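Dropping target-v8.txt in here (compact mmCIF, C-alpha atoms):
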# COMPACT_ATOMS: atom_id res chain seq x y z
CA GLU A 39 192.89 -76.01 67.87
CA PRO A 40 192.69 -75.07 64.17
CA GLU A 41 194.40 -77.45 61.78
CA VAL A 42 195.12 -78.00 58.12
CA THR A 43 193.11 -80.86 56.65
CA GLN A 44 193.79 -82.85 53.48
CA THR A 45 191.70 -85.23 51.43
CA PRO A 46 191.97 -87.97 50.48
CA SER A 47 194.44 -89.55 52.88
CA HIS A 48 195.44 -92.06 50.22
CA GLN A 49 194.92 -91.90 46.47
CA VAL A 50 195.75 -94.68 44.04
CA THR A 51 195.73 -93.85 40.35
CA GLN A 52 196.87 -95.21 37.02
CA MET A 53 199.78 -93.62 35.21
CA GLY A 54 198.58 -90.89 32.87
CA GLN A 55 195.49 -90.09 34.91
CA GLU A 56 194.75 -86.70 36.41
CA VAL A 57 194.56 -86.34 40.17
CA ILE A 58 193.42 -83.50 42.38
CA LEU A 59 194.65 -83.32 45.94
CA ARG A 60 192.61 -81.16 48.26
CA CYS A 61 193.57 -79.10 51.26
CA VAL A 62 191.67 -76.85 53.64
CA PRO A 63 194.18 -74.46 55.22
CA ILE A 64 193.65 -72.78 58.56
CA SER A 65 190.94 -70.21 58.05
CA ASN A 66 192.78 -66.96 58.75
CA HIS A 67 195.99 -68.00 56.98
CA LEU A 68 197.04 -66.27 53.80
CA TYR A 69 200.05 -68.25 52.56
CA PHE A 70 199.68 -71.74 51.22
CA TYR A 71 202.23 -74.33 50.22
CA TRP A 72 202.56 -77.77 48.73
CA TYR A 73 205.47 -80.01 49.58
CA ARG A 74 206.12 -83.61 48.66
CA GLN A 75 208.05 -86.43 50.27
CA ILE A 76 209.06 -89.43 48.21
CA LEU A 77 209.18 -92.47 50.45
CA GLY A 78 212.28 -92.43 52.65
CA GLN A 79 213.49 -89.10 51.32
CA LYS A 80 213.42 -85.50 52.46
CA VAL A 81 210.46 -83.19 52.21
CA GLU A 82 210.74 -81.01 49.09
CA PHE A 83 209.09 -77.70 48.32
CA LEU A 84 206.79 -77.60 45.32
CA VAL A 85 204.96 -74.29 45.29
CA SER A 86 203.80 -71.38 47.41
CA PHE A 87 200.64 -69.39 46.82
CA TYR A 88 199.50 -66.00 48.02
CA ASN A 89 196.81 -63.57 46.99
CA ASN A 90 195.47 -65.99 44.39
CA GLU A 91 198.70 -66.45 42.56
CA ILE A 92 201.85 -68.51 42.72
CA SER A 93 204.58 -66.81 44.75
CA GLU A 94 207.32 -69.28 44.06
CA LYS A 95 207.68 -72.72 42.52
CA SER A 96 210.44 -75.28 42.40
CA GLU A 97 211.91 -77.09 39.41
CA ILE A 98 209.72 -80.06 40.28
CA PHE A 99 206.59 -77.99 39.70
CA ASP A 100 206.47 -78.27 35.92
CA ASP A 101 203.59 -77.84 33.48
CA GLN A 102 201.98 -81.04 34.74
CA PHE A 103 201.24 -79.36 38.06
CA SER A 104 198.81 -76.60 38.86
CA VAL A 105 197.34 -75.09 42.00
CA GLU A 106 194.09 -73.35 42.60
CA ARG A 107 192.08 -71.79 45.36
CA PRO A 108 188.62 -72.35 43.89
CA ASP A 109 186.75 -70.86 46.83
CA GLY A 110 187.47 -69.25 50.16
CA SER A 111 188.49 -72.43 51.90
CA ASN A 112 189.99 -75.04 49.58
CA PHE A 113 193.48 -75.14 48.09
CA THR A 114 194.08 -77.79 45.46
CA LEU A 115 197.03 -79.38 43.72
CA LYS A 116 196.33 -80.92 40.32
CA ILE A 117 198.66 -83.29 38.53
CA ARG A 118 197.52 -83.43 34.93
CA SER A 119 199.05 -86.69 33.77
CA THR A 120 200.58 -88.67 36.58
CA LYS A 121 203.88 -90.49 36.27
CA LEU A 122 205.26 -93.31 38.38
CA GLU A 123 207.74 -90.91 39.95
CA ASP A 124 204.90 -88.74 41.24
CA SER A 125 204.24 -91.39 43.87
CA ALA A 126 204.89 -89.60 47.15
CA MET A 127 203.31 -88.10 50.23
CA TYR A 128 202.00 -84.63 49.43
CA PHE A 129 201.79 -82.15 52.26
CA CYS A 130 199.80 -78.97 52.25
CA ALA A 131 200.88 -76.21 54.64
CA SER A 132 199.64 -72.76 55.53
CA SER A 133 200.94 -69.80 57.44
CA ALA A 134 199.56 -66.52 58.67
CA LEU A 135 200.57 -63.02 57.71
CA SER A 136 202.60 -62.33 60.78
CA GLY A 137 205.09 -59.75 61.87
CA ASP A 138 206.85 -62.38 63.95
CA SER A 139 209.93 -63.98 62.53
CA TYR A 140 208.60 -67.16 64.10
CA ASN A 141 205.65 -67.63 61.75
CA GLU A 142 205.65 -71.39 61.51
CA GLN A 143 204.05 -73.30 58.69
CA PHE A 144 201.27 -75.61 59.80
CA PHE A 145 201.27 -78.88 57.92
CA GLY A 146 198.35 -81.08 57.04
CA PRO A 147 198.43 -84.84 57.60
CA GLY A 148 199.39 -85.49 53.98
CA THR A 149 197.94 -87.38 51.04
CA ARG A 150 199.78 -90.49 50.00
CA LEU A 151 199.64 -90.71 46.21
CA THR A 152 200.41 -94.05 44.60
CA VAL A 153 200.75 -94.14 40.82
CA LEU A 154 200.53 -97.60 39.27
CA ALA B 273 225.39 -77.53 48.35
CA GLN B 274 222.74 -78.86 50.68
CA LYS B 275 220.90 -76.18 52.60
CA ILE B 276 220.21 -78.51 55.54
CA THR B 277 222.31 -81.53 56.48
CA GLN B 278 221.31 -84.17 58.98
CA THR B 279 224.12 -86.69 59.22
CA GLN B 280 222.42 -89.23 61.49
CA PRO B 281 220.01 -91.42 59.50
CA GLY B 282 219.13 -93.32 62.69
CA MET B 283 219.63 -92.95 66.42
CA PHE B 284 218.85 -95.10 69.44
CA VAL B 285 218.34 -93.76 72.94
CA GLN B 286 217.33 -95.38 76.19
CA GLU B 287 214.07 -94.21 77.69
CA LYS B 288 214.57 -91.31 80.14
CA GLU B 289 217.98 -90.45 78.65
CA ALA B 290 218.72 -87.28 76.70
CA VAL B 291 219.53 -87.38 72.99
CA THR B 292 220.96 -84.84 70.55
CA LEU B 293 219.96 -84.81 66.89
CA ASP B 294 222.39 -82.97 64.66
CA CYS B 295 221.57 -80.37 62.06
CA THR B 296 223.88 -78.09 60.10
CA TYR B 297 222.73 -75.49 57.65
CA ASP B 298 224.17 -73.45 54.83
CA THR B 299 223.07 -69.94 54.01
CA SER B 300 224.67 -66.60 53.25
CA ASP B 301 221.54 -64.71 54.26
CA PRO B 302 221.93 -63.03 57.66
CA SER B 303 218.22 -63.48 58.37
CA TYR B 304 216.86 -67.00 58.62
CA GLY B 305 214.80 -69.26 60.83
CA LEU B 306 215.44 -72.82 61.89
CA PHE B 307 212.66 -75.27 62.69
CA TRP B 308 212.41 -78.83 63.93
CA TYR B 309 209.48 -81.06 63.03
CA LYS B 310 208.57 -84.52 64.26
CA GLN B 311 207.02 -87.04 61.90
CA PRO B 312 205.54 -90.12 63.61
CA SER B 313 204.83 -93.27 61.64
CA SER B 314 201.35 -91.94 60.91
CA GLY B 315 202.99 -89.36 58.65
CA GLU B 316 201.89 -85.97 59.90
CA MET B 317 204.42 -83.20 60.52
CA ILE B 318 204.40 -81.79 64.03
CA PHE B 319 206.17 -78.52 64.77
CA LEU B 320 208.50 -78.73 67.77
CA ILE B 321 210.71 -75.68 68.10
CA TYR B 322 211.96 -72.56 66.32
CA GLN B 323 215.20 -70.56 66.46
CA GLY B 324 215.65 -67.23 64.70
CA SER B 325 219.04 -66.18 63.42
CA TYR B 326 219.01 -63.05 65.56
CA ASP B 327 217.85 -64.77 68.71
CA GLN B 328 220.44 -64.43 71.45
CA GLN B 329 219.12 -67.28 73.58
CA ASN B 330 218.77 -70.92 72.64
CA ALA B 331 215.13 -71.84 72.13
CA THR B 332 213.43 -74.18 74.57
CA GLU B 333 209.98 -75.81 74.48
CA GLY B 334 209.33 -78.23 77.31
CA ARG B 335 211.64 -81.22 76.86
CA TYR B 336 212.96 -79.82 73.58
CA SER B 337 215.82 -77.39 73.35
CA LEU B 338 217.83 -76.16 70.44
CA ASN B 339 221.60 -75.89 70.72
CA PHE B 340 222.19 -73.00 68.31
CA GLN B 341 225.82 -72.41 67.37
CA LYS B 342 225.71 -69.69 64.77
CA ALA B 343 229.42 -69.61 63.93
CA ARG B 344 229.34 -73.36 63.27
CA LYS B 345 225.99 -73.09 61.48
CA SER B 346 224.53 -75.81 63.59
CA ALA B 347 221.11 -76.12 65.20
CA ASN B 348 221.03 -79.39 67.10
CA LEU B 349 217.84 -80.57 68.76
CA VAL B 350 218.17 -81.88 72.30
CA ILE B 351 215.38 -84.03 73.69
CA SER B 352 215.65 -84.52 77.43
CA ALA B 353 214.15 -87.44 79.34
CA SER B 354 213.21 -89.41 76.21
CA GLN B 355 209.86 -91.13 76.13
CA LEU B 356 208.69 -94.08 74.03
CA GLY B 357 206.37 -91.69 72.20
CA ASP B 358 209.39 -89.74 70.97
CA SER B 359 210.17 -92.54 68.51
CA ALA B 360 209.71 -90.89 65.13
CA MET B 361 211.48 -89.18 62.23
CA TYR B 362 212.82 -85.74 63.05
CA PHE B 363 213.36 -83.11 60.38
CA CYS B 364 215.38 -79.94 60.61
CA ALA B 365 214.20 -77.14 58.31
CA MET B 366 215.33 -73.65 57.41
CA ARG B 367 213.56 -70.62 56.05
CA GLU B 368 215.91 -68.10 54.45
CA GLY B 369 215.45 -64.39 54.19
CA GLY B 370 213.56 -61.78 56.12
CA ASP B 371 210.17 -62.69 54.67
CA ASN B 372 208.52 -65.00 57.13
CA PHE B 373 206.41 -66.69 54.46
CA ASN B 374 209.32 -68.05 52.44
CA LYS B 375 209.57 -71.75 51.66
CA PHE B 376 211.24 -74.26 53.93
CA TYR B 377 214.28 -76.32 53.08
CA PHE B 378 214.26 -79.67 54.85
CA GLY B 379 217.01 -82.06 55.81
CA SER B 380 216.85 -85.78 55.10
CA GLY B 381 215.75 -86.55 58.64
CA THR B 382 216.88 -88.65 61.58
CA LYS B 383 214.90 -91.69 62.70
CA LEU B 384 214.91 -91.83 66.48
CA ASN B 385 214.15 -95.07 68.30
CA VAL B 386 213.58 -94.88 72.03
CA LYS B 387 214.25 -98.18 73.78
CA PRO B 388 212.38 -99.18 76.95
Here is the file; what I need is its structure written in the form of structure tokens.
Amino acid sequence: EPEVTQTPSHQVTQMGQEVILRCVPISNHLYFYWYRQILGQKVEFLVSFYNNEISEKSEIFDDQFSVERPDGSNFTLKIRSTKLEDSAMYFCASSALSGDSYNEQFFGPGTRLTVL
Amino acid sequence: AQKITQTQPGMFVQEKEAVTLDCTYDTSDPSYGLFWYKQPSSGEMIFLIYQGSYDQQNATEGRYSLNFQKARKSANLVISASQLGDSAMYFCAMREGGDNFNKFYFGSGTKLNVKP
């Protein structure tokens, strides 16, 4: 069964450093998303991406964040200068272009980012 | 106002018993979708069940069913015949609007513990 994959599973970085979180969405999906989950809290939307541009972004997704689809398979989230409060689990998700109202989002296993 | 409210931070259930996890939602959009995801301790998000706002019947998927009460804006998840493997966090999520690629709003989750 096709699945969303994410690398690395765990990333430890120093405050102020840049990190790039990588995702490979399901191959025929067209919509891509990043969510984050601070430990013990709810999952929060960061950004959605379609047709090589951002569709929507949340207030969390400030100038320190960027997304890119550098090739036909990868979807990346870059945090330019990490802060302690960026420590969280980051989930990538993808969905198909579907006429069904159902159209679930398929989530990757997450990358746990720890900022020291 | 919170889009999704899950009022039970933690629940216990005896193995083989049924359990109901509560979820209420807030939207003025007539078109929306409601989703439940399971998050085991390993962290991945597993899709369980979907209910569309125009669906006349309550959704069912194996041991999972969704008790959809539109007037009350509730979408409770019922797990029948609980198994030890059901122990996990459970998140209710909503997608607003007729576009089936819109972002998800998540609740804060309910941690379910199934006792042998």
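Remark: for B:Tyr297, the closest of the candidate residues B:Ile351, B:Met361, B:Ala273, B:Leu356 is B:Ala273 (distances computed over all atoms listed in the file).
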Contacts of B:Glu287 at 9 Å (all atoms listed in the file; same-chain gap of 5+ positions) as a VMD selection string: chain B and resid 353 to 356 386 to 388
Distance in Å - atom CA of A:Gln75 versus atom CA of A:Arg118: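 Atom CA of A:Arg118 lies at a distance of 18.8 Å from atom CA of A:Gln75.
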Computed interatomic separation between atom CA of A:Ser132 and atom CA of A:Ile98 (Å):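 Answer for the atom CA of A:Ser132 to atom CA of A:Ile98 separation: 19.7 Å.
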Using all atoms listed in the file: which of B:Leu384, B:Ala343, B:Ala360, B:Ile318 has the shortest distance to chain A: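 Result for the nearest residue to chain A: B:Ile318.
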Residues within 12 Å of A:Ser111, all atoms listed in the file, excluding chain neighbours under 2 positions, as a ChimeraX atom specification: /A:42-44,60-68,70,106-109,113-114,132
Counting only C-alpha atoms, which residues in chain B sit no more than 9 Å from chain A? For each one, give the nearest pair of atoms and the distance in Å, sorted by chain then residue number, as a Markdown table.
| residue | atom | partner | partner_atom | distance |
| --- | --- | --- | --- | --- |
| B:Tyr304 | CA | A:Ser139 | CA | 8.5 |
| B:Gly305 | CA | A:Tyr140 | CA | 7.3 |
| B:Phe307 | CA | A:Glu142 | CA | 8.1 |
| B:Ser314 | CA | A:Pro147 | CA | 8.4 |
| B:Gly315 | CA | A:Pro147 | CA | 6.5 |
| B:Glu316 | CA | A:Pro147 | CA | 4.3 |
| B:Met317 | CA | A:Phe145 | CA | 5.9 |
| B:Ile318 | CA | A:Phe145 | CA | 7.5 |
| B:Phe319 | CA | A:Phe144 | CA | 7.6 |
| B:Tyr322 | CA | A:Tyr140 | CA | 6.7 |
| B:Gln323 | CA | A:Tyr140 | CA | 7.8 |
| B:Gly324 | CA | A:Ser139 | CA | 6.9 |
| B:Phe363 | CA | A:Lys80 | CA | 8.3 |
| B:Gly370 | CA | A:Ser139 | CA | 7.7 |
| B:Asp371 | CA | A:Ser139 | CA | 8.0 |
| B:Asn372 | CA | A:Ser139 | CA | 5.7 |
| B:Phe373 | CA | A:Tyr69 | CA | 6.8 |
| B:Asn374 | CA | A:Ser86 | CA | 8.2 |
| B:Lys375 | CA | A:Phe83 | CA | 6.8 |
| B:Phe376 | CA | A:Phe83 | CA | 6.9 |
| B:Tyr377 | CA | A:Glu82 | CA | 7.1 |
| B:Phe378 | CA | A:Val81 | CA | 5.8 |
| B:Gly379 | CA | A:Lys80 | CA | 6.0 |
| B:Ser380 | CA | A:Lys80 | CA | 4.3 |
| B:Gly381 | CA | A:Lys80 | CA | 6.7 |
Coordinates-based distance that separates atom CA of A:Ser125 from atom CA of A:Thr45 (Å, one decimal):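 Straight-line distance from atom CA of A:Thr45 to atom CA of A:Ser125 works out to 15.9 Å.
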Neighbour list for A:Asp124 as a PyMOL selection string, cut-off 8 Å, all atoms listed in the file, skip fewer than 5 positions in-chain: chain A and resi 151-153
Neighbour list for B:Asp294 as a tab-separated table (two decimals) with C-alpha atoms, in the coordinates of the input, cut-off 8 Å, only C-alpha atoms, skip fewer than 5 positions in-chain:
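Below you can see selection21.tsv, which holds the result:
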chain	number	residue	atom	x	y	z
B	278	GLN	CA	221.31	-84.17	58.98
B	279	THR	CA	224.12	-86.69	59.22
B	280	GLN	CA	222.42	-89.23	61.49
B	346	SER	CA	224.53	-75.81	63.59
B	347	ALA	CA	221.11	-76.12	65.20
B	348	ASN	CA	221.03	-79.39	67.10
B	349	LEU	CA	217.84	-80.57	68.76
